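Pasted below: start-v2.pdb, PDB, C-alpha atoms.
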ATOM      1  CA  MET U  21      30.215 -17.465  54.018
ATOM      2  CA  SER U  22      29.807 -14.052  52.406
ATOM      3  CA  GLU U  23      31.804 -13.087  49.356
ATOM      4  CA  VAL U  24      35.093 -11.326  50.067
ATOM      5  CA  GLU U  25      35.311  -7.832  48.564
ATOM      6  CA  ILE U  26      38.377  -7.510  46.345
ATOM      7  CA  PRO U  27      39.203  -4.288  44.483
ATOM      8  CA  GLU U  28      39.842  -4.117  40.736
ATOM      9  CA  PRO U  29      41.832  -5.162  38.821
ATOM     10  CA  VAL U  30      42.428  -8.082  41.194
ATOM     11  CA  SER U  31      38.748  -9.014  41.408
ATOM     12  CA  SER U  32      38.519  -9.537  37.638
ATOM     13  CA  PHE U  33      41.847 -11.386  37.727
ATOM     14  CA  VAL U  34      40.552 -13.886  40.318
ATOM     15  CA  LYS U  35      37.403 -14.385  38.235
ATOM     16  CA  ALA U  36      39.513 -15.027  35.106
ATOM     17  CA  VAL U  37      41.662 -17.565  36.982
ATOM     18  CA  ASN U  38      38.635 -19.398  38.369
ATOM     19  CA  GLN U  39      37.084 -19.530  34.874
ATOM     20  CA  HIS U  40      40.421 -20.816  33.479
ATOM     21  CA  ASP U  41      40.422 -17.893  31.043
ATOM     22  CA  GLU U  42      44.053 -17.832  29.937
ATOM     23  CA  ALA U  43      43.734 -14.733  27.729
ATOM     24  CA  ALA U  44      42.159 -12.619  30.489
ATOM     25  CA  PHE U  45      44.708 -13.985  32.992
ATOM     26  CA  LEU U  46      47.672 -12.996  30.811
ATOM     27  CA  ASP U  47      46.123  -9.664  29.795
ATOM     28  CA  ALA U  48      45.766  -8.707  33.471
ATOM     29  CA  PHE U  49      49.554  -8.253  33.720
ATOM     30  CA  THR U  50      51.573  -5.244  32.592
ATOM     31  CA  GLU U  51      54.003  -5.810  29.682
ATOM     32  CA  SER U  52      56.846  -6.418  32.151
ATOM     33  CA  GLY U  53      54.604  -8.217  34.650
ATOM     34  CA  ALA U  54      56.016 -10.901  36.903
ATOM     35  CA  VAL U  55      54.984 -13.848  39.039
ATOM     36  CA  ASP U  56      56.967 -14.781  42.149
ATOM     37  CA  ASP U  57      55.819 -18.307  43.009
ATOM     38  CA  TRP U  58      57.452 -19.188  46.320
ATOM     39  CA  GLY U  59      60.717 -17.542  45.247
ATOM     40  CA  ARG U  60      60.717 -18.677  41.614
ATOM     41  CA  LEU U  61      60.427 -15.594  39.390
ATOM     42  CA  PHE U  62      58.700 -15.585  35.992
ATOM     43  CA  THR U  63      58.876 -12.288  34.099
ATOM     44  CA  GLY U  64      57.002 -11.274  30.948
ATOM     45  CA  ARG U  65      54.078 -12.854  29.172
ATOM     46  CA  ALA U  66      55.973 -15.858  27.737
ATOM     47  CA  GLU U  67      57.486 -16.919  31.083
ATOM     48  CA  ILE U  68      54.213 -16.343  32.942
ATOM     49  CA  LYS U  69      52.332 -18.415  30.345
ATOM     50  CA  GLY U  70      54.899 -21.224  30.536
ATOM     51  CA  TRP U  71      54.549 -21.353  34.320
ATOM     52  CA  SER U  72      50.763 -21.034  34.217
ATOM     53  CA  ASP U  73      50.322 -23.782  31.601
ATOM     54  CA  VAL U  74      51.651 -26.297  34.136
ATOM     55  CA  GLU U  75      50.934 -24.802  37.563
ATOM     56  CA  PHE U  76      48.078 -22.289  37.359
ATOM     57  CA  ILE U  77      45.511 -22.035  34.544
ATOM     58  CA  GLY U  78      46.671 -25.312  32.981
ATOM     59  CA  ALA U  79      46.316 -27.015  36.368
ATOM     60  CA  ARG U  80      42.627 -25.969  36.441
ATOM     61  CA  GLY U  81      43.265 -23.910  39.566
ATOM     62  CA  VAL U  82      40.492 -22.320  41.612
ATOM     63  CA  LEU U  83      41.046 -19.701  44.301
ATOM     64  CA  THR U  84      38.379 -19.306  46.966
ATOM     65  CA  PRO U  85      39.192 -15.964  48.623
ATOM     66  CA  GLU U  86      38.833 -15.897  52.418
ATOM     67  CA  GLU U  87      40.237 -12.436  53.165
ATOM     68  CA  SER U  88      41.452  -9.357  51.317
ATOM     69  CA  SER U  89      43.350  -6.214  52.292
ATOM     70  CA  VAL U  90      44.802  -3.164  50.576
ATOM     71  CA  SER U  91      47.995  -1.300  51.440
ATOM     72  CA  GLY U  92      48.965   1.443  49.000
ATOM     73  CA  ASP U  93      49.199  -0.144  45.537
ATOM     74  CA  ALA U  94      49.304  -3.686  46.943
ATOM     75  CA  VAL U  95      46.250  -5.906  47.216
ATOM     76  CA  THR U  96      46.566  -9.057  49.330
ATOM     77  CA  VAL U  97      44.187 -11.984  48.928
ATOM     78  CA  VAL U  98      44.392 -15.022  51.190
ATOM     79  CA  GLY U  99      42.365 -18.049  50.282
ATOM     80  CA  ASP U 100      42.111 -21.725  49.533
ATOM     81  CA  TRP U 101      43.886 -22.758  46.317
ATOM     82  CA  ARG U 102      42.845 -26.017  44.669
ATOM     83  CA  SER U 103      44.384 -27.333  41.454
ATOM     84  CA  ASN U 104      45.790 -30.421  39.762
ATOM     85  CA  HIS U 105      49.268 -29.137  40.715
ATOM     86  CA  ALA U 106      49.160 -27.814  44.300
ATOM     87  CA  ASN U 107      46.583 -27.284  47.028
ATOM     88  CA  GLY U 108      46.286 -25.345  50.247
ATOM     89  CA  ARG U 109      45.803 -21.986  51.878
ATOM     90  CA  SER U 110      47.865 -19.418  50.000
ATOM     91  CA  LYS U 111      48.609 -15.705  50.167
ATOM     92  CA  PHE U 112      48.618 -13.768  46.894
ATOM     93  CA  VAL U 113      50.068 -10.240  46.961
ATOM     94  CA  PHE U 114      49.319  -8.183  43.853
ATOM     95  CA  ASP U 115      51.345  -5.062  43.055
ATOM     96  CA  VAL U 116      48.926  -2.982  41.008
ATOM     97  CA  GLU U 117      49.914  -0.404  38.361
ATOM     98  CA  GLY U 118      46.861   1.452  37.105
ATOM     99  CA  ASP U 119      44.390  -1.147  35.854
ATOM    100  CA  ARG U 120      46.931  -3.976  35.520
ATOM    101  CA  ILE U 121      48.982  -6.222  37.753
ATOM    102  CA  ALA U 122      52.729  -5.534  37.809
ATOM    103  CA  LYS U 123      53.566  -8.502  40.042
ATOM    104  CA  MET U 124      51.835 -11.402  41.759
ATOM    105  CA  THR U 125      53.665 -12.956  44.694
ATOM    106  CA  ILE U 126      52.479 -16.317  46.035
ATOM    107  CA  ARG U 127      53.367 -17.584  49.495
ATOM    108  CA  LYS U 128      51.901 -19.792  52.205
ATOM    109  CA  GLY U 129      48.670 -18.368  53.602
TER     110      GLY U 129
END

Encoding of this model in structure tokens:
Amino acid sequence: MSEVEIPEPVSSFVKAVNQHDEAAFLDAFTESGAVDDWGRLFTGRAEIKGWSDVEFIGARGVLTPEESSVSGDAVTVVGDWRSNHANGRSKFVFDVEGDRIAKMTIRKG
């Protein structure tokens, strides 16, 4: 399967996640960045880190992108998520502000 093309800054974000690089993961978000994980909202670096420590980077998660699309400032990546916390096809919608991510929304793929 060929590699899915994903625009920046989301491409670097996915690479950071798959390398379990917590600093690069957190730095990808704007100061007021947020994660919406199936309706649970985590806002700001401290809340995102707390969530990620258990369910994302800390769970050794790996995202294998299967498709990507762009609509305005939103980048959508659908792929297979595997971690020590949750597994399955997931849809990640990234609201991009400049070279950072303002919000990541996770839903069923």

Would you compute, for all listed atoms of region 45-58 of chain U, the axis-aligned bounding box grown by 5 Å on each side, and then report its centre and edge lengths in Å rounded to one decimal, as JSON?
{"center_x": 51.1, "center_y": -12.2, "center_z": 38.0, "size_x": 22.7, "size_y": 23.9, "size_z": 26.6}

Item to check | 8 Å contact set for Ala94 (chain U), only C-alpha atoms, chain neighbours under 5 positions out, as a PyMOL selection string | outcome: chain U and resi 113-116

Next on the checklist: Just want the 10 Å neighbourhood of Arg109 (chain U), counted on all atoms listed in the file, with same-chain residues fewer than 5 positions away dropped. Output as a list in words.
Outcome noted: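 After dropping sequence-adjacent residues, the list is Leu83, Thr84, Pro85, Glu86, Val98, Gly99, Asp100, Trp101, Arg102, Arg127, Lys128 and Gly129 of chain U.
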
Checklist entry - When distances are computed from all atoms listed in the file, which of U:Leu61, U:Val24, U:Val34, U:Val90 shows the smallest separation from Ala48 (chain U)? => result U:Val34

Take the PyMOL selection byres ((chain U and resi 41) around 12), apply it to the structure above, and return the hits as a compact mmCIF listing (two decimals) with C-alpha atoms, in the frame of the given file.
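Dumped to result-v9.txt:
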# COMPACT_ATOMS: atom_id res chain seq x y z
CA SER U 32 38.52 -9.54 37.64
CA PHE U 33 41.85 -11.39 37.73
CA VAL U 34 40.55 -13.89 40.32
CA LYS U 35 37.40 -14.38 38.24
CA ALA U 36 39.51 -15.03 35.11
CA VAL U 37 41.66 -17.57 36.98
CA ASN U 38 38.64 -19.40 38.37
CA GLN U 39 37.08 -19.53 34.87
CA HIS U 40 40.42 -20.82 33.48
CA GLU U 42 44.05 -17.83 29.94
CA ALA U 43 43.73 -14.73 27.73
CA ALA U 44 42.16 -12.62 30.49
CA PHE U 45 44.71 -13.98 32.99
CA LEU U 46 47.67 -13.00 30.81
CA ASP U 47 46.12 -9.66 29.80
CA ALA U 48 45.77 -8.71 33.47
CA LYS U 69 52.33 -18.42 30.34
CA SER U 72 50.76 -21.03 34.22
CA ASP U 73 50.32 -23.78 31.60
CA PHE U 76 48.08 -22.29 37.36
CA ILE U 77 45.51 -22.04 34.54
CA GLY U 78 46.67 -25.31 32.98
CA ARG U 80 42.63 -25.97 36.44
CA GLY U 81 43.26 -23.91 39.57
CA VAL U 82 40.49 -22.32 41.61

Checklist entry - Can you tell me, as a ChimeraX atom specification, what residues are no more than 9 Å from Lys123 (chain U) when counting only C-alpha atoms, ignoring any on the same chain fewer than 2 positions away? => result /U:49-50,52-56,63,113-116,121,125

Next on the checklist: Can you measure CA of Lys111 (chain U) to CA of Gly59 (chain U) for me? One decimal in Å is fine.
Outcome noted: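 The value is 13.2 Å.
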
Next on the checklist: the PyMOL selection byres ((chain U and resi 26) around 10) - which residues does that actually catch in the file I just gave you? List them as a ChimeraX atom specification.
Outcome noted: /U:23-25,27-32,34,85,87-90,95-97

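For the atom pair formed by CA of Gly92 (chain U) and CA of Phe112 (chain U), the distance is 15.4 Å, given to one decimal.
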
Next on the checklist: Just to confirm, what's the straight-line distance from CA of Ala106 (chain U) to CA of Ile126 (chain U) in Å (one decimal)?
Outcome noted: 12.1 Å

Next on the checklist: I'd like to know which of U:Asp57, U:Gly108, U:Glu117, U:Ala122 is closest to Trp71 (chain U), using only C-alpha atoms.
Outcome noted: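 Nearest candidate to Trp71 (chain U) out of U:Asp57, U:Gly108, U:Glu117, U:Ala122: U:Asp57.
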
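Proximity to Asp93 (chain U) was assessed for U:Glu67, U:Val74, U:Arg60, U:Arg120 counting all atoms listed in the file; the smallest distance is recorded for U:Arg120.
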
Incomplete region 93-108 of chain U filled out to N, CA, C and O atoms as a CSV table (one decimal), in the frame of the given file:
chain,number,residue,atom,x,y,z
U,93,ASP,N,49.5,0.5,46.8
U,93,ASP,CA,49.2,-0.1,45.5
U,93,ASP,C,49.2,-1.7,45.6
U,93,ASP,O,49.2,-2.3,44.6
U,94,ALA,N,49.3,-2.2,46.8
U,94,ALA,CA,49.3,-3.7,46.9
U,94,ALA,C,48.0,-4.2,47.5
U,94,ALA,O,47.4,-3.7,48.4
U,95,VAL,N,47.5,-5.2,46.8
U,95,VAL,CA,46.2,-5.9,47.2
U,95,VAL,C,46.6,-7.3,47.6
U,95,VAL,O,47.3,-8.0,46.9
U,96,THR,N,46.3,-7.7,48.8
U,96,THR,CA,46.6,-9.1,49.3
U,96,THR,C,45.3,-9.9,49.4
U,96,THR,O,44.3,-9.4,50.0
U,97,VAL,N,45.3,-11.1,48.9
U,97,VAL,CA,44.2,-12.0,48.9
U,97,VAL,C,44.7,-13.3,49.5
U,97,VAL,O,45.7,-13.9,49.0
U,98,VAL,N,44.1,-13.7,50.6
U,98,VAL,CA,44.4,-15.0,51.2
U,98,VAL,C,43.2,-15.9,51.0
U,98,VAL,O,42.0,-15.5,51.2
U,99,GLY,N,43.5,-17.1,50.5
U,99,GLY,CA,42.4,-18.0,50.3
U,99,GLY,C,42.8,-19.5,50.1
U,99,GLY,O,44.0,-19.8,50.1
U,100,ASP,N,41.9,-20.3,49.8
U,100,ASP,CA,42.1,-21.7,49.5
U,100,ASP,C,42.3,-22.0,48.0
U,100,ASP,O,41.5,-21.6,47.2
U,101,TRP,N,43.5,-22.5,47.7
U,101,TRP,CA,43.9,-22.8,46.3
U,101,TRP,C,43.7,-24.2,46.1
U,101,TRP,O,44.3,-25.1,46.8
U,102,ARG,N,43.0,-24.6,45.0
U,102,ARG,CA,42.8,-26.0,44.7
U,102,ARG,C,43.2,-26.2,43.2
U,102,ARG,O,42.6,-25.4,42.4
U,103,SER,N,44.1,-27.1,42.9
U,103,SER,CA,44.4,-27.3,41.5
U,103,SER,C,44.9,-28.7,41.3
U,103,SER,O,45.1,-29.5,42.3
U,104,ASN,N,45.2,-29.1,40.0
U,104,ASN,CA,45.8,-30.4,39.8
U,104,ASN,C,47.3,-30.4,40.1
U,104,ASN,O,47.9,-31.5,40.0
U,105,HIS,N,47.8,-29.2,40.5
U,105,HIS,CA,49.3,-29.1,40.7
U,105,HIS,C,49.6,-29.0,42.2
U,105,HIS,O,50.5,-29.7,42.7
U,106,ALA,N,48.9,-28.1,42.9
U,106,ALA,CA,49.2,-27.8,44.3
U,106,ALA,C,47.9,-27.4,45.0
U,106,ALA,O,47.0,-26.8,44.3
U,107,ASN,N,47.8,-27.6,46.3
U,107,ASN,CA,46.6,-27.3,47.0
U,107,ASN,C,47.0,-26.7,48.4
U,107,ASN,O,48.0,-27.0,48.9
U,108,GLY,N,46.1,-25.8,48.9
U,108,GLY,CA,46.3,-25.3,50.2
U,108,GLY,C,46.0,-23.9,50.4
U,108,GLY,O,45.9,-23.1,49.4
